[in-house]
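What's in upload-v2.csv: CSV, C-alpha atoms
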```
chain,number,residue,atom,x,y,z
A,1,MET,CA,-9.4,-12.8,10.1
A,2,SER,CA,-6.8,-12.6,7.3
A,3,THR,CA,-3.5,-14.5,7.2
A,4,ARG,CA,-0.5,-14.3,4.9
A,5,THR,CA,2.6,-16.4,4.5
A,6,ALA,CA,5.1,-13.8,3.3
A,7,SER,CA,7.1,-13.6,6.6
A,8,ARG,CA,6.7,-17.3,7.4
A,9,PRO,CA,8.3,-19.4,4.7
A,10,ILE,CA,7.8,-23.2,4.9
A,11,GLY,CA,11.5,-23.9,5.3
A,12,ALA,CA,11.8,-21.7,8.4
A,13,THR,CA,10.3,-24.5,10.5
A,14,MET,CA,9.9,-27.6,8.3
A,15,THR,CA,12.5,-29.9,6.7
A,16,ASP,CA,12.7,-33.1,4.8
A,17,THR,CA,11.7,-36.5,6.3
A,18,GLU,CA,15.4,-37.6,6.3
A,19,LEU,CA,16.1,-34.7,8.7
A,20,ASP,CA,13.5,-35.8,11.2
A,21,MET,CA,10.6,-33.8,9.8
A,22,PRO,CA,7.7,-33.2,12.2
A,23,ILE,CA,4.6,-35.1,11.4
A,24,ILE,CA,1.6,-33.0,10.4
A,25,ASP,CA,-1.7,-34.4,11.8
A,26,MET,CA,-4.8,-33.6,9.8
A,27,ALA,CA,-7.5,-32.3,12.2
A,28,VAL,CA,-9.9,-33.2,9.4
A,29,PRO,CA,-9.0,-35.6,6.7
A,30,MET,CA,-8.5,-34.2,3.2
A,31,PRO,CA,-11.6,-34.7,1.1
A,32,GLY,CA,-11.5,-38.2,-0.6
A,33,PHE,CA,-8.7,-39.4,1.7
A,34,PRO,CA,-10.3,-40.3,5.0
A,35,ALA,CA,-7.7,-42.9,6.0
A,36,HIS,CA,-4.8,-40.6,5.6
A,37,ARG,CA,-4.3,-38.3,8.6
A,38,GLN,CA,-0.6,-37.9,9.0
A,39,PHE,CA,1.7,-36.2,6.5
A,40,VAL,CA,5.2,-34.7,6.1
A,41,LEU,CA,6.5,-32.0,3.8
A,42,VAL,CA,9.4,-33.1,1.6
A,43,ARG,CA,11.2,-30.2,-0.1
A,44,LEU,CA,11.5,-30.7,-3.8
A,45,ASN,CA,13.7,-27.8,-4.8
A,46,ASP,CA,16.5,-25.7,-3.2
A,47,GLU,CA,14.5,-22.5,-3.3
A,48,GLY,CA,11.9,-24.0,-1.0
A,49,LEU,CA,9.1,-23.2,-3.4
A,50,LEU,CA,7.8,-26.7,-4.0
A,51,TYR,CA,7.0,-29.5,-1.6
A,52,ALA,CA,5.5,-32.9,-1.6
A,53,PHE,CA,2.8,-33.2,1.1
A,54,THR,CA,3.4,-36.9,1.6
A,55,SER,CA,1.2,-39.5,3.6
A,56,ILE,CA,3.0,-41.3,6.3
A,57,ASP,CA,0.9,-44.4,5.8
A,58,ASP,CA,1.3,-44.5,2.0
A,59,PRO,CA,4.3,-42.5,0.7
A,60,ASN,CA,2.9,-43.0,-2.9
A,61,LEU,CA,0.1,-40.6,-1.9
A,62,ARG,CA,1.5,-37.1,-2.1
A,63,PHE,CA,0.3,-33.7,-3.1
A,64,LEU,CA,2.4,-31.1,-4.8
A,65,VAL,CA,2.1,-28.0,-2.6
A,66,ALA,CA,3.7,-24.5,-2.4
A,67,PRO,CA,3.5,-21.4,-0.3
A,68,PRO,CA,1.2,-19.0,-2.2
A,69,GLU,CA,3.2,-15.8,-1.6
A,70,PRO,CA,5.8,-16.2,-4.4
A,71,PHE,CA,3.2,-17.0,-7.0
A,72,PHE,CA,0.2,-15.0,-5.8
A,73,PRO,CA,1.5,-12.1,-3.8
A,74,ASP,CA,-2.0,-10.6,-3.1
A,75,TYR,CA,-3.4,-13.9,-1.8
A,76,ALA,CA,-4.7,-13.3,1.7
A,77,PRO,CA,-7.8,-15.4,2.3
A,78,GLU,CA,-10.1,-15.0,5.2
A,79,ILE,CA,-9.8,-17.9,7.6
A,80,GLU,CA,-13.0,-18.6,9.6
A,81,ASN,CA,-13.0,-19.0,13.4
A,82,GLU,CA,-14.1,-22.7,13.0
A,83,VAL,CA,-10.7,-23.4,11.4
A,84,PHE,CA,-8.9,-21.8,14.3
A,85,ALA,CA,-11.0,-23.9,16.7
A,86,ALA,CA,-10.3,-27.2,14.7
A,87,LEU,CA,-6.6,-26.4,14.7
A,88,ASN,CA,-6.7,-25.5,18.4
A,89,THR,CA,-5.1,-22.1,17.9
A,90,LYS,CA,-6.0,-18.4,18.1
A,91,ASP,CA,-2.9,-16.9,16.6
A,92,PRO,CA,-3.1,-16.2,12.9
A,93,ASP,CA,0.7,-15.5,12.8
A,94,ARG,CA,1.3,-19.1,13.6
A,95,LEU,CA,-0.5,-20.4,10.6
A,96,LEU,CA,1.1,-21.5,7.4
A,97,LEU,CA,-0.8,-21.6,4.1
A,98,MET,CA,0.0,-24.1,1.3
A,99,VAL,CA,-1.8,-24.3,-2.0
A,100,VAL,CA,-2.2,-27.6,-3.8
A,101,ILE,CA,-0.6,-27.5,-7.2
A,102,THR,CA,-1.6,-29.4,-10.4
A,103,ALA,CA,1.4,-29.6,-12.8
A,104,GLY,CA,0.5,-29.8,-16.4
A,105,VAL,CA,2.4,-29.9,-19.7
A,106,ASN,CA,1.3,-26.5,-20.9
A,107,GLU,CA,0.4,-24.8,-17.6
A,108,THR,CA,0.6,-25.3,-13.9
A,109,THR,CA,-2.3,-24.3,-11.6
A,110,ALA,CA,-2.9,-23.8,-7.9
A,111,ASN,CA,-6.1,-24.4,-6.0
A,112,LEU,CA,-6.6,-21.0,-4.2
A,113,LEU,CA,-10.1,-22.0,-3.1
A,114,ALA,CA,-9.0,-24.8,-0.8
A,115,PRO,CA,-5.6,-24.2,0.8
A,116,ILE,CA,-4.1,-26.4,3.4
A,117,VAL,CA,-3.8,-24.5,6.7
A,118,VAL,CA,-1.1,-25.7,9.2
A,119,ASP,CA,-0.7,-24.5,12.8
A,120,ARG,CA,3.1,-24.3,13.3
A,121,ASP,CA,2.9,-24.9,17.0
A,122,SER,CA,0.7,-28.0,17.2
A,123,MET,CA,1.5,-29.3,13.6
A,124,ARG,CA,-2.3,-29.8,13.1
A,125,ALA,CA,-3.7,-29.0,9.7
A,126,MET,CA,-6.7,-29.1,7.5
A,127,GLN,CA,-7.7,-28.3,4.0
A,128,VAL,CA,-10.1,-25.4,4.1
A,129,VAL,CA,-12.7,-24.7,1.4
A,130,LEU,CA,-13.1,-20.9,1.4
A,131,THR,CA,-16.8,-20.6,1.0
A,132,GLY,CA,-18.2,-17.3,-0.2
A,133,SER,CA,-15.0,-16.4,-2.0
A,134,ASN,CA,-14.5,-16.0,-5.7
A,135,LEU,CA,-11.1,-17.6,-5.6
A,136,PRO,CA,-10.3,-20.1,-8.4
A,137,VAL,CA,-9.7,-23.8,-8.1
A,138,ARG,CA,-7.3,-23.6,-11.0
A,139,ALA,CA,-5.3,-20.3,-10.9
A,140,ILE,CA,-2.5,-20.3,-13.4
A,141,MET,CA,0.9,-20.0,-11.8
A,142,ARG,CA,3.6,-17.6,-13.0
A,143,LYS,CA,6.2,-19.2,-15.1
A,144,ASP,CA,9.2,-17.3,-13.8
A,145,TYR,CA,9.7,-19.9,-11.0
```
Can you dump the structure from the file as structure tokens?
Amino acid sequence: MSTRTASRPIGATMTDTELDMPIIDMAVPMPGFPAHRQFVLVRLNDEGLLYAFTSIDDPNLRFLVAPPEPFFPDYAPEIENEVFAALNTKDPDRLLLMVVITAGVNETTANLLAPIVVDRDSMRAMQVVLTGSNLPVRAIMRKDY
């Protein structure tokens, strides 16, 4: 099953914590962060292209994330049925994909191999490792954003 984010921008249903942002519950904790299961998205720019995926329990723990579509227009990973089950959903149109960004001095990269998948209805999420794909962990992002 393939899912895309082009018609479902993050800002369409998610806002900053100051504006009563819904809490996103991790169905499965992110690797390396088992104690952190609740996050919010904090918008970092007016265009809605960059967000901080911020832990409720420790606001200093945050991941820079972005919707993949503006940076990687052809990104449409296959999402396994187990992910739909873990998120308690069957509708791929209700899913939002976010890629984790690593900002560097000379280049910025996105982890296309392990996106964060969020069900917009239940606000449940999980980071998914797309096994069997050739997607990179450090895809260089376009500089025109």
TODO: May I have the residues within 10 Å of Leu61 in chain A as an NGL selection string, using all atoms listed in the file and disregarding those fewer than 2 positions away in the same chain?
DONE: :A and (33 or 36 or 39 or 52-59 or 63)
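When only C-alpha atoms are used to measure the gap to Pro22 in chain A, the shortest distance among A:Ala76, A:Leu41, A:Leu97, A:Val105 belongs to A:Leu41.
Distances here use all atoms listed in the file; by that measure, the residue among A:Met26, A:Ala35, A:Leu112, A:Val65 closest to Leu49 in chain A is A:Val65.
In this model, the gap between CA of Val118 in chain A and CA of Gly104 in chain A comes to 26.0 Å.
Closest to Asp119 in chain A among A:Pro77, A:Ile140, A:Leu87, A:Gly132 is A:Leu87, based on all atoms listed in the file.
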- [ ] Please provide the set of residues having any atom within 7 Å of Asn111 in chain A, restricted to all atoms listed in the file, with same-chain residues fewer than 6 positions apart removed, written as a ChimeraX atom specification.
- [x] /A:99-101,136-139
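Checking A:Asp74, A:Glu47, A:Glu69, A:Asp93 one by one against Leu135 in chain A, counting all atoms listed in the file, you find the shortest gap at A:Asp74.
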- [ ] Take the point (-4.3, -16.3, 2.2) as written in the file and pick out every residue within 10 Å of it, counting only C-alpha atoms; give the list as a ChimeraX atom specification.
- [x] /A:2-6,67-69,72-79,96-99,112-113,115,117,130
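Atom pair CA of Asn106 in chain A / CA of Asp46 in chain A has a distance of 23.3 Å (rounded to one decimal).
For the residues A:Thr131, A:Thr109, A:Thr89, A:Thr102, ranking by smallest atom-to-atom distance to Ala27 in chain A using all atoms listed in the file places A:Thr89 first.
Distance-wise, CA of Arg142 in chain A and CA of Leu95 in chain A end up 24.1 Å apart.
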Open item on the list: Which residues are close to Ser122 in chain A, i.e. within 10 Å by all atoms listed in the file, leaving aside same-chain residues fewer than 6 positions away? Reply as number ranges by chain.
Closed with: A: 23-25, 87-89, 94
